[in-house]
Each structure stands twice: as structure tokens, then as C-alpha cells.
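Engineer: Contents are TSV, C-alpha atoms; file name query-v3.tsv:
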chain	number	residue	atom	x	y	z
P	147	MET	CA	31.79	-13.12	40.67
P	148	SER	CA	30.20	-11.90	43.92
P	149	ARG	CA	26.67	-12.80	44.96
P	150	THR	CA	25.83	-9.08	45.00
P	151	LEU	CA	26.90	-8.64	41.37
P	152	ILE	CA	25.00	-11.77	40.32
P	153	SER	CA	21.88	-10.49	42.07
P	154	ARG	CA	22.19	-7.13	40.39
P	155	ARG	CA	22.51	-8.76	36.97
P	156	LEU	CA	19.49	-10.98	37.59
P	157	LEU	CA	17.48	-7.97	38.69
P	158	GLY	CA	18.59	-6.11	35.56
P	159	LEU	CA	17.52	-9.00	33.32
P	160	ALA	CA	14.19	-9.24	35.11
P	161	GLY	CA	13.63	-5.51	34.70
P	162	ALA	CA	14.48	-5.69	31.00
P	163	ALA	CA	12.01	-8.51	30.58
P	164	VAL	CA	9.27	-6.48	32.24
P	165	ILE	CA	10.04	-3.50	29.98
P	166	ALA	CA	10.01	-5.73	26.91
P	167	LEU	CA	6.66	-7.18	27.88
P	168	GLY	CA	5.30	-3.69	28.38
P	169	LEU	CA	6.58	-2.54	24.98
P	170	SER	CA	5.18	-5.60	23.24
P	171	SER	CA	1.71	-4.63	24.38
P	172	CYS	CA	2.03	-1.02	23.17
P	173	GLY	CA	-0.36	-0.16	20.37
P	174	SER	CA	-2.83	-2.93	21.15
P	175	GLY	CA	-4.73	-0.68	23.57
P	176	ASP	CA	-6.37	-1.52	26.85
P	177	GLU	CA	-7.98	-4.93	26.97
P	178	LYS	CA	-11.27	-6.08	28.37
P	179	ALA	CA	-11.43	-9.12	30.61
P	180	GLY	CA	-10.90	-12.14	28.37
P	181	GLY	CA	-8.38	-10.42	26.08
P	182	ALA	CA	-10.60	-8.42	23.70
P	183	PRO	CA	-9.08	-4.94	23.19
P	184	THR	CA	-10.97	-1.77	23.97
P	185	GLU	CA	-8.76	0.23	21.58
P	186	ILE	CA	-7.26	-0.54	18.18
P	187	THR	CA	-5.05	1.43	15.79
P	188	PHE	CA	-5.75	1.78	12.06
P	189	SER	CA	-2.82	2.51	9.72
P	190	ILE	CA	-3.08	4.90	6.79
P	191	LEU	CA	-0.50	5.80	4.16
P	192	SER	CA	-0.18	9.55	3.74
P	193	ALA	CA	2.82	11.41	2.40
P	194	GLU	CA	1.62	14.63	4.02
P	195	GLY	CA	0.48	12.97	7.24
P	196	GLN	CA	-2.66	13.61	9.23
P	197	ALA	CA	-3.28	17.12	7.88
P	198	SER	CA	-4.33	15.86	4.45
P	199	ALA	CA	-5.56	12.32	5.07
P	200	GLY	CA	-7.06	12.79	8.53
P	201	PRO	CA	-10.22	14.67	7.51
P	202	LEU	CA	-10.96	12.06	4.83
P	203	TRP	CA	-10.52	8.99	7.03
P	204	GLN	CA	-11.67	10.22	10.45
P	205	PRO	CA	-15.43	9.96	9.75
P	206	LEU	CA	-14.99	6.33	8.72
P	207	LEU	CA	-12.86	5.58	11.80
P	208	ASP	CA	-15.49	7.20	14.01
P	209	ASP	CA	-18.15	5.02	12.39
P	210	MET	CA	-15.99	1.94	12.90
P	211	ALA	CA	-15.61	2.76	16.57
P	212	LYS	CA	-19.36	3.17	16.94
P	213	GLU	CA	-20.09	-0.08	15.13
P	214	THR	CA	-17.47	-2.22	16.88
P	215	GLY	CA	-17.64	-0.71	20.35
P	216	VAL	CA	-13.88	-0.05	20.57
P	217	THR	CA	-11.88	3.16	20.23
P	218	VAL	CA	-10.17	3.43	16.82
P	219	LYS	CA	-7.02	5.55	16.59
P	220	PRO	CA	-5.33	6.50	13.31
P	221	PHE	CA	-1.65	5.81	12.58
P	222	PHE	CA	-0.21	7.78	9.66
P	223	GLY	CA	2.89	6.53	7.88
P	224	SER	CA	4.79	8.20	5.07
P	225	ASN	CA	5.95	4.95	3.45
P	226	TYR	CA	4.84	1.36	3.14
P	227	THR	CA	7.71	-0.17	5.13
P	228	VAL	CA	6.73	1.87	8.20
P	229	LEU	CA	3.16	0.59	7.97
P	230	VAL	CA	4.14	-3.06	7.52
P	231	GLU	CA	6.59	-2.88	10.41
P	232	ALA	CA	3.99	-1.16	12.60
P	233	MET	CA	1.62	-4.07	12.10
P	234	ARG	CA	4.41	-6.60	12.52
P	235	GLY	CA	5.36	-4.99	15.83
P	236	GLY	CA	1.78	-4.86	17.12
P	237	GLN	CA	1.53	-1.06	16.96
P	238	THR	CA	-1.41	-1.35	14.56
P	239	GLN	CA	-4.12	-3.98	14.24
P	240	VAL	CA	-6.01	-2.88	11.11
P	241	GLY	CA	-4.85	-1.00	8.04
P	242	TRP	CA	-5.49	0.28	4.54
P	243	PHE	CA	-2.76	-1.07	2.25
P	244	SER	CA	-2.16	-1.02	-1.46
P	245	ALA	CA	-1.75	-4.52	-2.86
P	246	LYS	CA	2.05	-5.01	-2.69
P	247	PRO	CA	2.44	-3.87	0.95
P	248	ALA	CA	-0.71	-5.83	1.78
P	249	LEU	CA	1.13	-8.91	0.51
P	250	GLU	CA	4.13	-7.92	2.64
P	251	ALA	CA	1.85	-7.60	5.66
P	252	VAL	CA	0.37	-11.05	5.00
P	253	ASP	CA	3.79	-12.69	4.52
P	254	ARG	CA	5.76	-10.83	7.19
P	255	ALA	CA	3.30	-9.41	9.72
P	256	ASP	CA	0.82	-12.28	10.10
P	257	ALA	CA	-1.98	-10.21	8.60
P	258	GLU	CA	-5.21	-11.25	6.88
P	259	VAL	CA	-7.09	-9.55	4.04
P	260	ILE	CA	-10.77	-8.94	4.85
P	261	ALA	CA	-11.84	-6.58	2.06
P	262	ARG	CA	-10.75	-4.78	-1.09
P	263	THR	CA	-11.76	-1.31	-2.18
P	264	VAL	CA	-14.01	-0.45	-5.12
P	265	ASN	CA	-13.73	2.94	-6.79
P	266	LYS	CA	-16.58	5.29	-7.66
P	267	GLU	CA	-16.84	3.77	-11.14
P	268	GLY	CA	-17.36	0.30	-9.65
P	269	LEU	CA	-13.86	-0.99	-10.44
P	270	ASP	CA	-11.72	-2.88	-7.95
P	271	SER	CA	-8.56	-2.32	-9.97
P	272	TYR	CA	-6.52	0.68	-11.07
P	273	GLN	CA	-3.51	1.37	-13.30
P	274	SER	CA	0.10	2.35	-12.92
P	275	THR	CA	1.18	5.27	-15.10
P	276	LEU	CA	4.28	6.97	-16.44
P	277	ILE	CA	3.96	10.76	-16.32
P	278	VAL	CA	5.78	13.67	-17.96
P	279	ARG	CA	5.27	17.42	-18.05
P	280	LYS	CA	2.78	18.33	-20.78
P	281	ASP	CA	5.06	20.78	-22.54
P	282	SER	CA	8.11	18.49	-22.43
P	283	GLY	CA	7.48	16.64	-25.68
P	284	ILE	CA	8.84	13.47	-24.11
P	285	THR	CA	7.42	10.27	-25.63
P	286	LEU	CA	7.36	6.70	-24.36
P	287	ASP	CA	9.68	5.61	-27.20
P	288	GLN	CA	12.23	8.21	-26.08
P	289	VAL	CA	12.00	6.98	-22.49
P	290	LEU	CA	12.48	3.35	-23.50
P	291	ALA	CA	15.44	4.28	-25.69
P	292	CYS	CA	17.39	4.95	-22.47
P	293	GLY	CA	20.78	6.53	-23.14
P	294	LYS	CA	20.90	8.18	-19.68
P	295	ARG	CA	19.02	11.13	-21.09
P	296	PHE	CA	16.29	11.67	-18.50
P	297	ASP	CA	15.97	12.20	-14.74
P	298	PHE	CA	13.56	9.51	-13.54
P	299	GLY	CA	11.35	9.26	-10.47
P	300	ILE	CA	10.40	5.77	-9.31
P	301	GLY	CA	8.15	4.85	-6.39
P	302	ASP	CA	8.72	3.43	-2.94
P	303	ALA	CA	10.36	0.00	-3.22
P	304	GLN	CA	7.18	-1.54	-1.77
P	305	SER	CA	4.82	0.42	-4.03
P	306	THR	CA	2.60	-1.66	-6.30
P	307	SER	CA	2.06	0.98	-8.96
P	308	GLY	CA	5.16	3.09	-8.33
P	309	THR	CA	7.71	0.30	-8.73
P	310	LEU	CA	6.41	-3.26	-9.08
P	311	ALA	CA	3.93	-2.76	-11.95
P	312	PRO	CA	6.17	-0.61	-14.17
P	313	MET	CA	8.99	-3.08	-13.68
P	314	ALA	CA	6.77	-6.12	-14.40
P	315	PHE	CA	4.81	-4.69	-17.31
P	316	LEU	CA	7.15	-2.13	-18.91
P	317	PHE	CA	10.84	-2.42	-18.05
P	318	ASN	CA	11.49	-6.12	-17.35
P	319	PRO	CA	9.97	-7.38	-20.63
P	320	ARG	CA	12.42	-5.09	-22.45
P	321	GLY	CA	15.41	-5.95	-20.29
P	322	ILE	CA	15.63	-2.37	-18.98
P	323	ALA	CA	17.19	-1.62	-15.58
P	324	PRO	CA	16.30	1.97	-14.60
P	325	ALA	CA	19.67	2.57	-12.94
P	326	GLN	CA	21.41	1.87	-16.25
P	327	CYS	CA	18.74	3.51	-18.41
P	328	PHE	CA	18.31	6.98	-16.91
P	329	LYS	CA	20.64	9.86	-16.05
P	330	THR	CA	19.44	9.82	-12.44
P	331	VAL	CA	16.89	7.71	-10.53
P	332	ARG	CA	15.14	9.06	-7.45
P	333	SER	CA	12.80	7.01	-5.25
P	334	ALA	CA	9.89	8.91	-3.69
P	335	ASN	CA	6.14	8.71	-3.11
P	336	HIS	CA	3.62	9.51	-5.84
P	337	GLN	CA	2.96	13.05	-4.66
P	338	ALA	CA	6.65	13.98	-4.54
P	339	ASN	CA	7.28	12.46	-7.96
P	340	ALA	CA	4.30	14.29	-9.49
P	341	PHE	CA	5.54	17.57	-8.00
P	342	GLY	CA	9.01	16.85	-9.40
P	343	VAL	CA	7.62	16.34	-12.89
P	344	ALA	CA	5.36	19.39	-12.71
P	345	THR	CA	8.24	21.65	-11.62
P	346	GLY	CA	10.78	20.21	-14.07
P	347	VAL	CA	13.01	18.59	-11.44
P	348	LEU	CA	12.15	15.21	-12.98
P	349	ASP	CA	11.64	14.45	-16.67
P	350	VAL	CA	9.54	11.32	-16.17
P	351	ALA	CA	8.16	9.42	-13.17
P	352	THR	CA	5.85	6.60	-12.16
P	353	SER	CA	2.42	7.36	-10.75
P	354	ASN	CA	-1.06	5.85	-10.88
P	355	THR	CA	-4.61	6.68	-11.87
P	356	VAL	CA	-5.71	7.04	-8.23
P	357	ASN	CA	-3.06	9.67	-7.57
P	358	THR	CA	-4.21	11.51	-10.69
P	359	VAL	CA	-7.73	11.76	-9.26
P	360	PHE	CA	-6.57	13.08	-5.89
P	361	MET	CA	-4.08	15.47	-7.49
P	362	THR	CA	-6.77	16.86	-9.79
P	363	ARG	CA	-9.01	17.49	-6.79
P	364	GLN	CA	-6.39	18.88	-4.40
P	365	ASN	CA	-4.04	20.71	-6.78
P	366	PRO	CA	-5.70	21.14	-10.19
P	367	ALA	CA	-3.08	23.64	-11.38
P	368	MET	CA	-0.31	21.09	-10.91
P	369	ALA	CA	-2.40	18.25	-12.34
P	370	ALA	CA	-2.98	20.31	-15.49
P	371	GLN	CA	0.78	20.38	-16.13
P	372	ILE	CA	1.13	16.57	-16.21
P	373	GLN	CA	0.18	13.94	-18.75
P	374	ASP	CA	0.34	10.14	-18.95
P	375	ILE	CA	2.50	8.50	-21.61
P	376	TRP	CA	1.91	4.89	-20.45
P	377	LEU	CA	-0.76	2.98	-18.53
P	378	SER	CA	-0.33	-0.53	-17.15
P	379	PRO	CA	-2.83	-3.35	-17.36
P	380	PRO	CA	-5.29	-3.30	-14.42
P	381	ILE	CA	-3.81	-4.14	-11.02
P	382	PRO	CA	-5.73	-4.97	-7.81
P	383	GLU	CA	-6.98	-2.01	-5.80
P	384	SER	CA	-6.09	-1.38	-2.16
P	385	GLY	CA	-7.30	-3.69	0.59
P	386	ILE	CA	-8.14	-3.72	4.29
P	387	VAL	CA	-5.98	-6.02	6.37
P	388	VAL	CA	-6.21	-7.06	10.02
P	389	SER	CA	-3.76	-8.70	12.36
P	390	ALA	CA	-4.34	-12.44	12.60
P	391	GLU	CA	-3.82	-12.14	16.36
P	392	LEU	CA	-6.77	-9.79	16.80
P	393	ASP	CA	-9.65	-11.07	18.91
P	394	PRO	CA	-11.80	-13.24	16.54
P	395	VAL	CA	-15.10	-11.66	17.61
P	396	LEU	CA	-13.76	-8.15	17.06
P	397	LYS	CA	-12.23	-9.21	13.75
P	398	GLU	CA	-15.65	-10.33	12.49
P	399	LYS	CA	-17.22	-7.08	13.68
P	400	ILE	CA	-14.62	-5.16	11.67
P	401	ARG	CA	-15.21	-7.32	8.60
P	402	ALA	CA	-18.97	-6.80	8.83
P	403	PHE	CA	-18.47	-3.06	9.27
P	404	PHE	CA	-16.47	-2.68	6.07
P	405	LEU	CA	-18.63	-4.96	3.94
P	406	GLY	CA	-21.81	-3.18	5.01
P	407	TYR	CA	-20.46	0.36	4.95
P	408	GLY	CA	-22.38	2.66	2.62
P	409	GLN	CA	-24.75	-0.09	1.56
P	410	GLY	CA	-28.52	-0.13	1.81
P	411	GLN	CA	-30.99	2.75	1.89
P	412	GLY	CA	-31.76	5.65	4.18
P	413	VAL	CA	-30.14	8.77	5.58
P	414	GLU	CA	-27.32	6.93	7.35
P	415	ALA	CA	-26.37	4.91	4.27
P	416	ASP	CA	-26.37	8.11	2.23
P	417	ARG	CA	-24.07	9.80	4.75
P	418	GLN	CA	-21.68	6.83	4.66
P	419	ARG	CA	-21.61	6.96	0.87
P	420	GLN	CA	-20.52	10.59	1.13
P	421	VAL	CA	-17.65	9.51	3.37
P	422	LEU	CA	-16.67	6.88	0.81
P	423	ALA	CA	-16.89	9.42	-1.99
P	424	GLY	CA	-14.33	11.58	-0.20
P	425	LEU	CA	-11.96	8.61	-0.36
P	426	GLU	CA	-12.86	8.05	-4.04
P	427	TYR	CA	-14.55	4.72	-3.18
P	428	SER	CA	-18.05	3.33	-3.60
P	429	GLN	CA	-17.78	0.28	-1.33
P	430	PHE	CA	-15.57	-2.35	0.27
P	431	ARG	CA	-15.89	-5.76	-1.37
P	432	ALA	CA	-15.28	-9.10	0.36
P	433	ALA	CA	-11.80	-10.49	-0.31
P	434	ASP	CA	-9.19	-12.81	1.11
P	435	ASP	CA	-5.46	-13.27	0.52
P	436	GLY	CA	-6.18	-14.84	-2.88
P	437	TYR	CA	-6.95	-11.44	-4.37
P	438	LEU	CA	-3.22	-10.72	-4.06
P	439	ASP	CA	-2.24	-13.54	-6.46
P	440	PRO	CA	-1.66	-11.11	-9.38
P	441	ILE	CA	0.81	-9.27	-7.14
P	442	ARG	CA	2.55	-12.55	-6.30
P	443	VAL	CA	2.98	-13.11	-10.05
P	444	MET	CA	4.54	-9.68	-10.50
P	445	VAL	CA	6.86	-10.22	-7.52
P	446	ALA	CA	7.98	-13.56	-8.96
P	447	ASP	CA	8.52	-11.91	-12.33
P	448	GLN	CA	10.74	-9.32	-10.67
P	449	LYS	CA	12.72	-12.09	-8.93
P	450	LEU	CA	13.21	-13.75	-12.31
P	451	ALA	CA	14.46	-10.53	-13.91
P	452	GLU	CA	16.91	-9.94	-11.04
P	453	ALA	CA	18.16	-13.53	-11.20
P	454	LYS	CA	18.74	-13.25	-14.96
P	455	ALA	CA	20.61	-9.97	-14.49
P	456	LYS	CA	22.93	-11.65	-11.95
P	457	GLY	CA	23.38	-14.76	-14.11
P	458	ASP	CA	22.22	-16.95	-11.21
P	459	ALA	CA	21.00	-20.13	-12.91
P	460	ALA	CA	19.63	-21.69	-9.72
P	461	ALA	CA	17.66	-18.55	-8.86
P	462	VAL	CA	16.36	-18.32	-12.44
P	463	SER	CA	15.12	-21.91	-12.26
P	464	ALA	CA	13.43	-21.31	-8.88
P	465	ALA	CA	11.76	-18.10	-10.08
P	466	GLU	CA	10.51	-19.75	-13.27
P	467	ALA	CA	9.02	-22.62	-11.25
P	468	GLU	CA	7.32	-20.16	-8.90
P	469	LEU	CA	5.91	-18.21	-11.84
P	470	GLN	CA	4.58	-21.36	-13.47
P	471	ALA	CA	2.83	-22.42	-10.26
P	472	LEU	CA	1.31	-18.97	-9.72
P	473	ARG	CA	0.10	-18.60	-13.28
P	474	ALA	CA	-1.60	-21.96	-13.02
P	475	ARG	CA	-3.94	-20.59	-10.37
P	476	ALA	CA	-4.28	-16.90	-11.18
P	477	GLU	CA	-4.36	-14.44	-14.05
P	478	VAL	CA	-2.04	-11.41	-13.91
P	479	GLN	CA	-4.86	-9.11	-14.97
P	480	PRO	CA	-7.79	-9.31	-12.53
What is this structure when it is put down as C-alpha cells?
Structural biologist:
Amino acid sequence: MSRTLISRRLLGLAGAAVIALGLSSCGSGDEKAGGAPTEITFSILSAEGQASAGPLWQPLLDDMAKETGVTVKPFFGSNYTVLVEAMRGGQTQVGWFSAKPALEAVDRADAEVIARTVNKEGLDSYQSTLIVRKDSGITLDQVLACGKRFDFGIGDAQSTSGTLAPMAFLFNPRGIAPAQCFKTVRSANHQANAFGVATGVLDVATSNTVNTVFMTRQNPAMAAQIQDIWLSPPIPESGIVVSAELDPVLKEKIRAFFLGYGQGQGVEADRQRQVLAGLEYSQFRAADDGYLDPIRVMVADQKLAEAKAKGDAAAVSAAEAELQALRARAEVQP
């Protein structure tokens, strides 16, 4: 190989390395001297994107920027995997996650939980639901009878209430695999599944009590066509997670911002409570990764069900041991 060709290859490798370094810093924003960023990106799940979720979240992001002294940009994702991977790749540094993807972010994206949400009724849990069209006459007993009779809508694979909870609390205890139970199974987000049920495209689908509230507010005509036929036990509400690699001082500023938001008295606190009300929340409550233990139990339960279905004795034994250890330290129902 000629020296010229070797030199060209070395230059190409060096150039690729420079590009890779540049890409790895994308999303973290400009940095102050000493490594503290001047810009961070906050991830938000929204099936419809910025048009629907943006007006609800932007006032809070503006307040966060004012409180922390850094620019806060929104990042909208249509599914949980996109949001987890965005944090894993350094495109986002803070995010609002439901419990199952929050666990994924902790386990796979080196994230930390700093707070959990509390709804307007003061609850920090919600429920998964099974929905049908009101005039369908479909009952839970008919659904559980299987027979490939119904078209079924299940949630995103990473969805706590759309997939994990109905499997852990409803289907797995009865040995039901949706793919063998229903005529068709379609995976989609809560909004798409609710629309499918309301329009008759789907006979039954998973949803949750939070989606019911938003649907009633944004599309009351559609909400009026849907009814619940099953509710799960309470499951942990959404949480706020931050990248473990974020500057420690900034991380504490963000934590303090969320825990103090909408608290206290005065005009400013009242305004912040109005922002929270738009999100259907009353406050952010202090939390760490331990609040996700009920989700870990449900994940382990799902592993056990899958291992039993495959007849994998070693996997069954491992899943049972994991479940026993988890249940020793946490209750499934928070």
C-alpha cells in the first residue's frame, strides 16, 4: 500500500473521529466555561406533536429557563422508544416520562428520577383501562372469552398503561396472549386507539384514566362515545428524569424548580398553578428511582409469563427469583 493511500486513510479516520465528536455533543447545547451547559432539551411525549402539547408545556419550560438560567428547548416524540433513545444519545437532558419508559431511561440511558407528578385530585397514581364503544354491548367477560372475535388495540410496547399493566393485571393471570385471543391486534398510542374504538375500527382497546381526562377536554364528542369496562389497580404516575451526566449544579437547580413549582402563596404561585392545571397536575413530588419498583415487579411478571409460554425452565426460575426479590422490597400497588 502506498504512503499516499495510507495518509489518505488516516486523514479519513481522523475526519470521521472529528465528526463523531461533533455529533456526540449535539443536543447538549452550548457550554459555559467549566462544562455547565447554557442550553438543555426537555423531551415530551405527544402523539400529535408540538401543535397539541406545545401550548401546555411551553409556559413551564419558559419558567424553568428563567429559574435555572439556561435555555430550555422542547423535544416532541411520538413514541416512548424515540424519547428513551434521545436521552441515551445525549439529544435530551431532561424529560417527562410515564413510569415504564422512565425505568427504561434509568436502565438504558443513565437517567435519574428527580420527581413524580401529582394529579389535580392529589393522587400520584392513575389506572390503566380497557375501553369499548358505548353502544357496542361488549362486556369484559366477552373480551376475556377470546375466540378471535374482536379487533383489539394495544399500546406502545413501552407503555405502562397501554401494554404492561393490562398484561400484568388482566391477561397474564388468566394465561391470555392477545395475539391468540383476538381477531386482530394493533399497536398504537392511546389517542389513536381511542379514535379507533370511537369510530368502530377497533372493538376494544387499552387506554388510561389520564387519557380519558384529556380526551374529554379536547374532544368531548368522541369521549362521549367511549366507556371503560375494566380498570387496573393504581400504577405510579409519570415522572421527571434527568441525565446522570448533567452538570450537578444545574441538576439541583432543575430539581428545586420542579419541587417548588406552583407551591406557596402569591400571584406568581397562582399563575404557576394555572400552568399545572393545564397539564392536569397539582404539583411535582420528590421521588427517586425507587418509585419505579412497582413497574419493575410488573416487568418481571411479564418476563415470567413469556418464559412459561416458551417452556423455558431456566428463564422461569430466574424470573420467579427476580419477582420474589422485588416483592420483598416493594408493593405492586403504590
Engineer: Find the spatial neighbours of Pro220 (chain P), counting all atoms listed in the file, within a cut-off of 10 Å - ignore same-chain residues fewer than 5 positions away - and output them as number ranges by chain.
Structural biologist: P: 186-190, 196, 200, 203-204, 207, 238, 240-241
Engineer: Using Å and a single decimal, report how far CA of Ala451 (chain P) sits from CA of Leu191 (chain P).
Structural biologist: 28.6 Å
Engineer: Using only C-alpha atoms, determine which residues lie at most 10 Å from region 394-402 of chain P, disregarding the query and same-chain residues fewer than 4 positions distant; provide the list as a PyMOL selection string.
Structural biologist: chain P and resi 182-184+210-211+213-216+239-240+259-261+386-390+406-407+430+432
Engineer: So which one's closest to Ala369 (chain P), P:Val421, P:Ala311, P:Val278, P:Val331? Using all atoms listed in the file, please.
Structural biologist: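 Counting all atoms listed in the file, the residue closest to Ala369 (chain P) is P:Val278.
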Engineer: Quick one: pull the distance between CA of Phe404 (chain P) and CA of Ala433 (chain P), Å, one decimal.
Structural biologist: 11.1 Å
Engineer: So which one's closest to Val445 (chain P), P:Ala257, P:Leu472, P:Leu348, P:Cys292? Using all atoms listed in the file, please.
Structural biologist: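 Going through P:Ala257, P:Leu472, P:Leu348, P:Cys292 one by one, the smallest distance to Val445 (chain P) is for P:Leu472.
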Engineer: N, CA, C and O atoms for region 307-329 of chain P, written as an mmCIF file, in the coordinates of the input, could you do that?
Structural biologist:
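Listed below is the output, selection.cif:
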data_model
loop_
_atom_site.group_PDB
_atom_site.id
_atom_site.type_symbol
_atom_site.label_atom_id
_atom_site.label_comp_id
_atom_site.auth_asym_id
_atom_site.auth_seq_id
_atom_site.Cartn_x
_atom_site.Cartn_y
_atom_site.Cartn_z
ATOM 1 N N SER P 307 2.123 0.254 -7.692
ATOM 2 C CA SER P 307 2.060 0.980 -8.960
ATOM 3 C C SER P 307 3.287 1.836 -9.215
ATOM 4 O O SER P 307 3.593 2.145 -10.366
ATOM 5 N N GLY P 308 3.996 2.222 -8.156
ATOM 6 C CA GLY P 308 5.160 3.090 -8.330
ATOM 7 C C GLY P 308 6.421 2.362 -8.731
ATOM 8 O O GLY P 308 7.323 2.957 -9.331
ATOM 9 N N THR P 309 6.501 1.063 -8.421
ATOM 10 C CA THR P 309 7.710 0.300 -8.730
ATOM 11 C C THR P 309 7.394 -1.065 -9.349
ATOM 12 O O THR P 309 7.860 -1.388 -10.441
ATOM 13 N N LEU P 310 6.600 -1.871 -8.642
ATOM 14 C CA LEU P 310 6.410 -3.260 -9.080
ATOM 15 C C LEU P 310 5.755 -3.353 -10.456
ATOM 16 O O LEU P 310 6.255 -4.069 -11.339
ATOM 17 N N ALA P 311 4.641 -2.659 -10.672
ATOM 18 C CA ALA P 311 3.930 -2.760 -11.950
ATOM 19 C C ALA P 311 4.738 -2.234 -13.127
ATOM 20 O O ALA P 311 4.811 -2.895 -14.170
ATOM 21 N N PRO P 312 5.360 -1.047 -13.026
ATOM 22 C CA PRO P 312 6.170 -0.610 -14.170
ATOM 23 C C PRO P 312 7.339 -1.530 -14.470
ATOM 24 O O PRO P 312 7.719 -1.698 -15.630
ATOM 25 N N MET P 313 7.909 -2.122 -13.429
ATOM 26 C CA MET P 313 8.990 -3.080 -13.680
ATOM 27 C C MET P 313 8.441 -4.329 -14.380
ATOM 28 O O MET P 313 9.008 -4.808 -15.367
ATOM 29 N N ALA P 314 7.320 -4.869 -13.869
ATOM 30 C CA ALA P 314 6.770 -6.120 -14.400
ATOM 31 C C ALA P 314 6.197 -5.962 -15.800
ATOM 32 O O ALA P 314 6.359 -6.847 -16.650
ATOM 33 N N PHE P 315 5.533 -4.842 -16.046
ATOM 34 C CA PHE P 315 4.810 -4.690 -17.310
ATOM 35 C C PHE P 315 5.559 -3.880 -18.369
ATOM 36 O O PHE P 315 5.286 -4.028 -19.554
ATOM 37 N N LEU P 316 6.499 -3.023 -17.948
ATOM 38 C CA LEU P 316 7.150 -2.130 -18.910
ATOM 39 C C LEU P 316 8.646 -2.381 -19.057
ATOM 40 O O LEU P 316 9.129 -2.605 -20.169
ATOM 41 N N PHE P 317 9.375 -2.357 -17.968
ATOM 42 C CA PHE P 317 10.840 -2.420 -18.050
ATOM 43 C C PHE P 317 11.385 -3.845 -18.170
ATOM 44 O O PHE P 317 12.227 -4.118 -19.029
ATOM 45 N N ASN P 318 10.952 -4.760 -17.307
ATOM 46 C CA ASN P 318 11.490 -6.120 -17.350
ATOM 47 C C ASN P 318 11.302 -6.815 -18.696
ATOM 48 O O ASN P 318 12.234 -7.474 -19.179
ATOM 49 N N PRO P 319 10.129 -6.720 -19.331
ATOM 50 C CA PRO P 319 9.970 -7.380 -20.630
ATOM 51 C C PRO P 319 10.944 -6.875 -21.694
ATOM 52 O O PRO P 319 11.211 -7.572 -22.674
ATOM 53 N N ARG P 320 11.482 -5.677 -21.486
ATOM 54 C CA ARG P 320 12.420 -5.090 -22.450
ATOM 55 C C ARG P 320 13.861 -5.162 -21.961
ATOM 56 O O ARG P 320 14.767 -4.603 -22.600
ATOM 57 N N GLY P 321 14.060 -5.817 -20.827
ATOM 58 C CA GLY P 321 15.410 -5.950 -20.290
ATOM 59 C C GLY P 321 16.012 -4.633 -19.827
ATOM 60 O O GLY P 321 17.235 -4.451 -19.850
ATOM 61 N N ILE P 322 15.167 -3.704 -19.389
ATOM 62 C CA ILE P 322 15.630 -2.370 -18.980
ATOM 63 C C ILE P 322 15.768 -2.301 -17.459
ATOM 64 O O ILE P 322 14.822 -2.603 -16.725
ATOM 65 N N ALA P 323 16.940 -1.900 -16.998
ATOM 66 C CA ALA P 323 17.190 -1.620 -15.580
ATOM 67 C C ALA P 323 17.241 -0.102 -15.435
ATOM 68 O O ALA P 323 18.121 0.540 -16.029
ATOM 69 N N PRO P 324 16.328 0.510 -14.702
ATOM 70 C CA PRO P 324 16.300 1.970 -14.600
ATOM 71 C C PRO P 324 17.635 2.610 -14.244
ATOM 72 O O PRO P 324 17.980 3.666 -14.779
ATOM 73 N N ALA P 325 18.393 1.982 -13.358
ATOM 74 C CA ALA P 325 19.670 2.570 -12.940
ATOM 75 C C ALA P 325 20.647 2.703 -14.102
ATOM 76 O O ALA P 325 21.487 3.615 -14.124
ATOM 77 N N GLN P 326 20.542 1.800 -15.089
ATOM 78 C CA GLN P 326 21.410 1.870 -16.250
ATOM 79 C C GLN P 326 20.784 2.645 -17.409
ATOM 80 O O GLN P 326 21.454 3.028 -18.361
ATOM 81 N N CYS P 327 19.471 2.884 -17.318
ATOM 82 C CA CYS P 327 18.740 3.510 -18.410
ATOM 83 C C CYS P 327 18.715 5.041 -18.312
ATOM 84 O O CYS P 327 18.856 5.732 -19.331
ATOM 85 N N PHE P 328 18.556 5.553 -17.087
ATOM 86 C CA PHE P 328 18.310 6.980 -16.910
ATOM 87 C C PHE P 328 19.526 7.720 -16.349
ATOM 88 O O PHE P 328 20.412 7.117 -15.739
ATOM 89 N N LYS P 329 19.537 9.018 -16.547
ATOM 90 C CA LYS P 329 20.640 9.860 -16.050
ATOM 91 C C LYS P 329 20.703 9.810 -14.535
ATOM 92 O O LYS P 329 21.761 9.634 -13.933
#
